[in-house]
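Report on the structure given below.
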Amino acid sequence: MAVPFITEVKRTHTCGQLTKANIGEEVVLFGWVQNRRDHGGAVFIDLRDREGLTQVVFEPDIAKEAHELAGQLRLEYCIGIKGKVASRGTQVNPKLKTGEIEIKATELTIFNRSEPTPFLVEDNIDTAEDKRLAYRFLDLRRKPLQQSLMTRSKMNAITRSYMVDNRFLELETPFMGKYTPGGARNFLVPSRLNPGKFYALAESPQLYKQLFMVAGFDRYFQIVKCFRDEDLRLDRQPEFTQIDVEMSFVTQDDIFTIIEGLIKKLWGEVLGIDVPTPFMRMDFYESMAKYGNDKPDLRFALEHIVLTDLIKQHGAGGGVPMMWEAVEQGGIVKAMVVPADKPMSRAESDKLEEFAKQNGAKGLARAKVGEGGEWTQSPLSKTITPALRQAINQACNAKTGDLLLFQFGRESLVHTVMANLRVHVAKKLGLIPEYGSGGVWKFLWVVNPPLFEYDEETKTWAAAHHAFTRPHDEDVQYLLTDPGRVKCHRYDVVLNGFEIGGGSIRLHDPKVQAEVFKALGISDEDARAKFGFLLDALKFGAPPHGGIALGMDRLAMLLTGAESLRDVIPFPKTKTGTDLMTGAPGDVDDKQLRDVHVRPVPLPQK
RNA sequence: GGGGAGUUAGUUCAGUUGGUUAGAACGCCGGCCUGUCACGCCGGAGGCCACGGGUUCAAGUCCCGUACUCCUCGCCA
């Protein structure tokens, strides 16, 4: 009597598949109860699987038994049904792909009942994120997450086929490697067989992929997990996925072409959008000046105006002592214009100051430009000389009603505050197009950054990227005399304010390499101890090579319009790196610790 | 490590200047209903107000601390 679902009665279709072309067919669907509408006489069920929803109707005069059982159905029961596809006549549901049909059920089996779920499995969930993470397996039943993960699967497939078509080999590298200093903090794995020693989880396959080039593999790629023990953000997880690429015998442009082709294909096949190539290129220093960071969102203007030189010219006589002092102490002065056609109330601009302070600023000087170029609503207006005011107005191309925002002081802080302010204001003014409604995709390469950064704390030069980045040939002469001047073949690919990838042409000339180490204050012995195997490798006919890594999670986030990386990672971690579902990281027992020769240090009492 | 926001029913939220028995919606339970698709109608259960101190005649409400979550600066070659 009972229909043997699964063993003999096999699924014939998914829940997103049937249309009026199938009317009259006998079908079998498996899935979950998304919704029920029990009219007593007729029971309607929306059956869900990853492909969509299909309405199933149980009526007593069609199948008495199934109808009675259907009365027991509740949300999220896992069931199988058999029945006939029928037209809904005039009662179509335009919201569903399958909205023109329904299944008149003749058989029903309940595979598994469900307790009431801690939150409703629905598309537009507003449940707190920690509860969703604690029951991630339920959260993952929701359509947006299902679609994100299906998109990721597609991205992986597209990437593999594109890379393989372009002669790339997918080669694997170890997760557990040797700790190398510098860069991100590593996760450490104690070695049981080697007491007191530790592996480091790879923060990227950087060194290994260079060795592939030395070995002659020529073109390598890998979709690979990377691990970094740094603080999390909405676009940063402790473990994340990169599309890692390395190529021999190439220039920077060759790498750009490959990556532009990949992105074009991803956007084309996933979104049906044609991304124009080649991407725009912007000098690192231009990006810092105009946007305050090296990952500008070019979907809107609101460019910064650097006023440092202007303030310098007017000197102490300019009438704005605070700006003058900032410049004298080696700082910079920047301005930004909130245009008059997007007026901002006094209260709103006061909130901007709050925002600036949250980002580390001491305050936010503002001025509203009046008819004759005079400044109002500004403490600056009392002391500033007309000449400087006019010069600033001119530099900012300020018009009546514009609101000028100023930041001055330490260069890095001014950049950070103004960069965040720029994005914040753009959001407030509605300058950023919504995803989906004609979403705008502004790709660019940020190129020619400095090879070194000056570390204020240690008063030394440090590698801005890593110690194996190739400097511009014409700058090699300054490596030791003027390190800050040396630019390098490093590049970031940026989309809508997110760094989606970065890489460099590597140093393969041992002579220049030695000079770079010298500039960094790394002795031969240090270099040998830290990077010995790579230095050795470079001595044996290493080919010129370079590469790049794209952040797969960020790409997926942008492609799907997700607001957080957590929405494109199946099992993400919280801000503090915990997994609320499994409880990781968790305690281990003493024996396990003894096995790996580790003893926890008690936390200091507060 | 610094700054900010939050925590009230299973979920999302409301809760007045501190003042009787802490409310609503959805979900859940029981009943009715043959054309719903946010189904509808009737009835019901469900709360250590995150935790620990304090102020007060009286604390969900005020103060201090802790935990957790989120945002952000630092950090992330």
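Here, A, B, ... name the chains of the structure tokens in the order displayed, residue numbers run from 1 inside each chain, and ligands are numbered from 1 in the same displayed order.
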
Item to check | Interface residues on chain B facing chain A, 10 Å, only C-alpha atoms (C1' of nucleotides), written as a PyMOL selection string | outcome: chain B and resi 2-4+10-12+26-28+32-37+39-40+68-77

Next on the checklist: I need the residues of segment 319-366 of chain A that end up classed as alpha helix (DSSP H) by DSSP on the backbone, written out as a PyMOL selection string.
Outcome noted: chain A and resi 321-328+346-358

Item to check | Contact residues around segment 259-270 of chain A with only C-alpha atoms (C1' of nucleotides) at 9 Å, ignoring same-chain residues under 3 positions, as a ChimeraX atom specification | outcome: /A:151,154-155,158-159,162-163,254-256,273-279,548,550,559

Checklist entry - Could you name the residues that touch C49 of chain B at 8 Å or less, counting only C-alpha atoms (C1' of nucleotides), but leaving out those on the same chain fewer than 2 positions away, as a VMD selection string? => result chain B and resid 8 47 60

Could those selected residues go to a file with all heavy atoms, as a PDB file, in the first residue's frame?
```pdb
ATOM      1  P     U B   8      17.036  40.363  23.765  1.00  0.00           P
ATOM      2  OP1   U B   8      16.998  38.891  23.894  1.00  0.00           O
ATOM      3  OP2   U B   8      16.614  41.020  22.530  1.00  0.00           O
ATOM      4  O5'   U B   8      16.212  41.004  24.969  1.00  0.00           O
ATOM      5  C5'   U B   8      16.164  40.362  26.224  1.00  0.00           C
ATOM      6  C4'   U B   8      14.805  40.511  26.851  1.00  0.00           C
ATOM      7  O4'   U B   8      14.473  41.917  26.966  1.00  0.00           O
ATOM      8  C3'   U B   8      13.648  39.943  26.055  1.00  0.00           C
ATOM      9  O3'   U B   8      13.525  38.530  26.187  1.00  0.00           O
ATOM     10  C2'   U B   8      12.477  40.698  26.652  1.00  0.00           C
ATOM     11  O2'   U B   8      12.176  40.206  27.944  1.00  0.00           O
ATOM     12  C1'   U B   8      13.080  42.090  26.789  1.00  0.00           C
ATOM     13  N1    U B   8      12.875  42.934  25.590  1.00  0.00           N
ATOM     14  C2    U B   8      11.613  43.456  25.384  1.00  0.00           C
ATOM     15  O2    U B   8      10.677  43.252  26.139  1.00  0.00           O
ATOM     16  N3    U B   8      11.476  44.226  24.263  1.00  0.00           N
ATOM     17  C4    U B   8      12.444  44.513  23.339  1.00  0.00           C
ATOM     18  O4    U B   8      12.171  45.225  22.384  1.00  0.00           O
ATOM     19  C5    U B   8      13.726  43.934  23.616  1.00  0.00           C
ATOM     20  C6    U B   8      13.888  43.183  24.704  1.00  0.00           C
ATOM     21  P     G B  47       7.492  30.833  30.341  1.00  0.00           P
ATOM     22  OP1   G B  47       7.850  29.740  31.215  1.00  0.00           O
ATOM     23  OP2   G B  47       6.425  31.787  30.749  1.00  0.00           O
ATOM     24  O5'   G B  47       8.833  31.615  29.992  1.00  0.00           O
ATOM     25  C5'   G B  47       8.878  32.563  28.964  1.00  0.00           C
ATOM     26  C4'   G B  47       9.871  33.643  29.285  1.00  0.00           C
ATOM     27  O4'   G B  47       9.307  34.892  28.856  1.00  0.00           O
ATOM     28  C3'   G B  47      10.198  33.784  30.777  1.00  0.00           C
ATOM     29  O3'   G B  47      11.585  33.928  30.983  1.00  0.00           O
ATOM     30  C2'   G B  47       9.425  35.023  31.215  1.00  0.00           C
ATOM     31  O2'   G B  47      10.122  35.792  32.164  1.00  0.00           O
ATOM     32  C1'   G B  47       9.294  35.817  29.909  1.00  0.00           C
ATOM     33  N9    G B  47       8.066  36.591  29.821  1.00  0.00           N
ATOM     34  C8    G B  47       6.984  36.568  30.653  1.00  0.00           C
ATOM     35  N7    G B  47       6.048  37.411  30.312  1.00  0.00           N
ATOM     36  C5    G B  47       6.556  38.034  29.181  1.00  0.00           C
ATOM     37  C6    G B  47       6.005  39.050  28.377  1.00  0.00           C
ATOM     38  O6    G B  47       4.917  39.604  28.488  1.00  0.00           O
ATOM     39  N1    G B  47       6.849  39.401  27.331  1.00  0.00           N
ATOM     40  C2    G B  47       8.083  38.856  27.111  1.00  0.00           C
ATOM     41  N2    G B  47       8.770  39.308  26.062  1.00  0.00           N
ATOM     42  N3    G B  47       8.624  37.901  27.858  1.00  0.00           N
ATOM     43  C4    G B  47       7.803  37.549  28.878  1.00  0.00           C
ATOM     44  P     G B  60      12.541  45.076  37.245  1.00  0.00           P
ATOM     45  OP1   G B  60      11.138  45.490  37.393  1.00  0.00           O
ATOM     46  OP2   G B  60      12.998  43.829  37.932  1.00  0.00           O
ATOM     47  O5'   G B  60      12.863  44.912  35.697  1.00  0.00           O
ATOM     48  C5'   G B  60      14.130  44.406  35.271  1.00  0.00           C
ATOM     49  C4'   G B  60      14.436  44.902  33.883  1.00  0.00           C
ATOM     50  O4'   G B  60      13.235  44.813  33.090  1.00  0.00           O
ATOM     51  C3'   G B  60      14.820  46.376  33.814  1.00  0.00           C
ATOM     52  O3'   G B  60      16.205  46.539  34.014  1.00  0.00           O
ATOM     53  C2'   G B  60      14.387  46.772  32.413  1.00  0.00           C
ATOM     54  O2'   G B  60      15.363  46.372  31.456  1.00  0.00           O
ATOM     55  C1'   G B  60      13.145  45.903  32.216  1.00  0.00           C
ATOM     56  N9    G B  60      11.894  46.623  32.509  1.00  0.00           N
ATOM     57  C8    G B  60      11.024  46.353  33.519  1.00  0.00           C
ATOM     58  N7    G B  60       9.977  47.143  33.521  1.00  0.00           N
ATOM     59  C5    G B  60      10.185  47.984  32.447  1.00  0.00           C
ATOM     60  C6    G B  60       9.398  49.054  31.948  1.00  0.00           C
ATOM     61  O6    G B  60       8.320  49.480  32.376  1.00  0.00           O
ATOM     62  N1    G B  60       9.995  49.647  30.844  1.00  0.00           N
ATOM     63  C2    G B  60      11.189  49.249  30.284  1.00  0.00           C
ATOM     64  N2    G B  60      11.592  49.948  29.232  1.00  0.00           N
ATOM     65  N3    G B  60      11.933  48.251  30.732  1.00  0.00           N
ATOM     66  C4    G B  60      11.364  47.666  31.808  1.00  0.00           C
TER      67        G B  60
END
```

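Here atom CA of Leu18 of chain A is placed at a distance of 15.1 Å from atom CA of Gly89 of chain A.
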
Item to check | All strand (DSSP E) residues (DSSP, backbone) inside segment 43-139 of chain A, as a ChimeraX atom specification | outcome: /A:43-49,52-58,78-87,101-112

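Atom CA of Gly439 of chain A is found 13.7 Å from atom CA of Met557 of chain A.
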
Next on the checklist: I'd like the interatomic distance between atom CA of Val440 of chain A and atom CA of Asp294 of chain A, to a tenth of an Å.
Outcome noted: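 About the pair atom CA of Val440 of chain A and atom CA of Asp294 of chain A: they are 19.3 Å apart.
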
Next on the checklist: If we count only C-alpha atoms (C1' of nucleotides) and set the cut-off at 6 Å, which residues sit around Lys487 of chain A, ignoring sequence neighbours fewer than 5 positions away in its own chain? Please answer as an MDAnalysis selection string.
Outcome noted: chainID A and resid 448:451 471:472

Item to check | Contacts of Met344 of chain A within 10 Å, only C-alpha atoms (C1' of nucleotides), excl. fewer than 2 positions in-chain, as an NGL selection string | outcome: :A and (338-342 or 346-350 or 401-403 or 425 or 428-429)

Selection export as a PDB file, in the first residue's frame, atoms kept: N, CA and C atoms:
```pdb
ATOM      1  N   VAL A 338      31.084  68.622  -0.438  1.00  0.00           N
ATOM      2  CA  VAL A 338      29.744  68.055  -0.533  1.00  0.00           C
ATOM      3  C   VAL A 338      28.937  69.036  -1.379  1.00  0.00           C
ATOM      4  N   PRO A 339      28.580  68.634  -2.587  1.00  0.00           N
ATOM      5  CA  PRO A 339      28.039  69.603  -3.543  1.00  0.00           C
ATOM      6  C   PRO A 339      26.692  70.183  -3.115  1.00  0.00           C
ATOM      7  N   ALA A 340      26.446  71.421  -3.556  1.00  0.00           N
ATOM      8  CA  ALA A 340      25.249  72.162  -3.162  1.00  0.00           C
ATOM      9  C   ALA A 340      23.966  71.477  -3.621  1.00  0.00           C
ATOM     10  N   ASP A 341      24.053  70.720  -4.724  1.00  0.00           N
ATOM     11  CA  ASP A 341      22.824  70.102  -5.219  1.00  0.00           C
ATOM     12  C   ASP A 341      22.428  68.884  -4.394  1.00  0.00           C
ATOM     13  N   LYS A 342      23.313  68.506  -3.444  1.00  0.00           N
ATOM     14  CA  LYS A 342      22.942  67.454  -2.497  1.00  0.00           C
ATOM     15  C   LYS A 342      23.060  68.048  -1.100  1.00  0.00           C
ATOM     16  N   ARG A 346      22.458  71.090   8.871  1.00  0.00           N
ATOM     17  CA  ARG A 346      23.456  71.309   9.912  1.00  0.00           C
ATOM     18  C   ARG A 346      23.586  70.071  10.790  1.00  0.00           C
ATOM     19  N   ALA A 347      22.455  69.478  11.120  1.00  0.00           N
ATOM     20  CA  ALA A 347      22.465  68.283  11.974  1.00  0.00           C
ATOM     21  C   ALA A 347      23.206  67.134  11.286  1.00  0.00           C
ATOM     22  N   GLU A 348      22.993  67.022   9.980  1.00  0.00           N
ATOM     23  CA  GLU A 348      23.663  65.950   9.246  1.00  0.00           C
ATOM     24  C   GLU A 348      25.170  66.147   9.215  1.00  0.00           C
ATOM     25  N   SER A 349      25.572  67.404   9.011  1.00  0.00           N
ATOM     26  CA  SER A 349      27.012  67.637   8.947  1.00  0.00           C
ATOM     27  C   SER A 349      27.637  67.489  10.334  1.00  0.00           C
ATOM     28  N   ASP A 350      26.851  67.756  11.381  1.00  0.00           N
ATOM     29  CA  ASP A 350      27.352  67.500  12.733  1.00  0.00           C
ATOM     30  C   ASP A 350      27.594  66.010  12.928  1.00  0.00           C
ATOM     31  N   GLY A 401      26.780  77.381  -1.796  1.00  0.00           N
ATOM     32  CA  GLY A 401      25.971  76.316  -1.204  1.00  0.00           C
ATOM     33  C   GLY A 401      26.738  75.033  -0.970  1.00  0.00           C
ATOM     34  N   ASP A 402      27.941  74.941  -1.543  1.00  0.00           N
ATOM     35  CA  ASP A 402      28.766  73.750  -1.293  1.00  0.00           C
ATOM     36  C   ASP A 402      29.183  73.703   0.166  1.00  0.00           C
ATOM     37  N   LEU A 403      29.369  72.495   0.648  1.00  0.00           N
ATOM     38  CA  LEU A 403      29.886  72.313   2.000  1.00  0.00           C
ATOM     39  C   LEU A 403      31.298  71.753   1.890  1.00  0.00           C
ATOM     40  N   VAL A 425      29.818  59.705   3.107  1.00  0.00           N
ATOM     41  CA  VAL A 425      29.015  60.783   2.527  1.00  0.00           C
ATOM     42  C   VAL A 425      28.303  60.289   1.268  1.00  0.00           C
ATOM     43  N   LYS A 428      25.339  58.399   2.291  1.00  0.00           N
ATOM     44  CA  LYS A 428      24.335  59.322   2.817  1.00  0.00           C
ATOM     45  C   LYS A 428      23.615  60.052   1.680  1.00  0.00           C
ATOM     46  N   LEU A 429      24.361  60.437   0.679  1.00  0.00           N
ATOM     47  CA  LEU A 429      23.788  61.226  -0.410  1.00  0.00           C
ATOM     48  C   LEU A 429      23.165  60.349  -1.492  1.00  0.00           C
TER      49      LEU A 429
END
```

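Shell of Asp123 of chain A at 8 Å, with only C-alpha atoms (C1' of nucleotides) counted and residues fewer than 4 places along the chain excluded, is A:Arg142, A:Lys143, A:Pro144.
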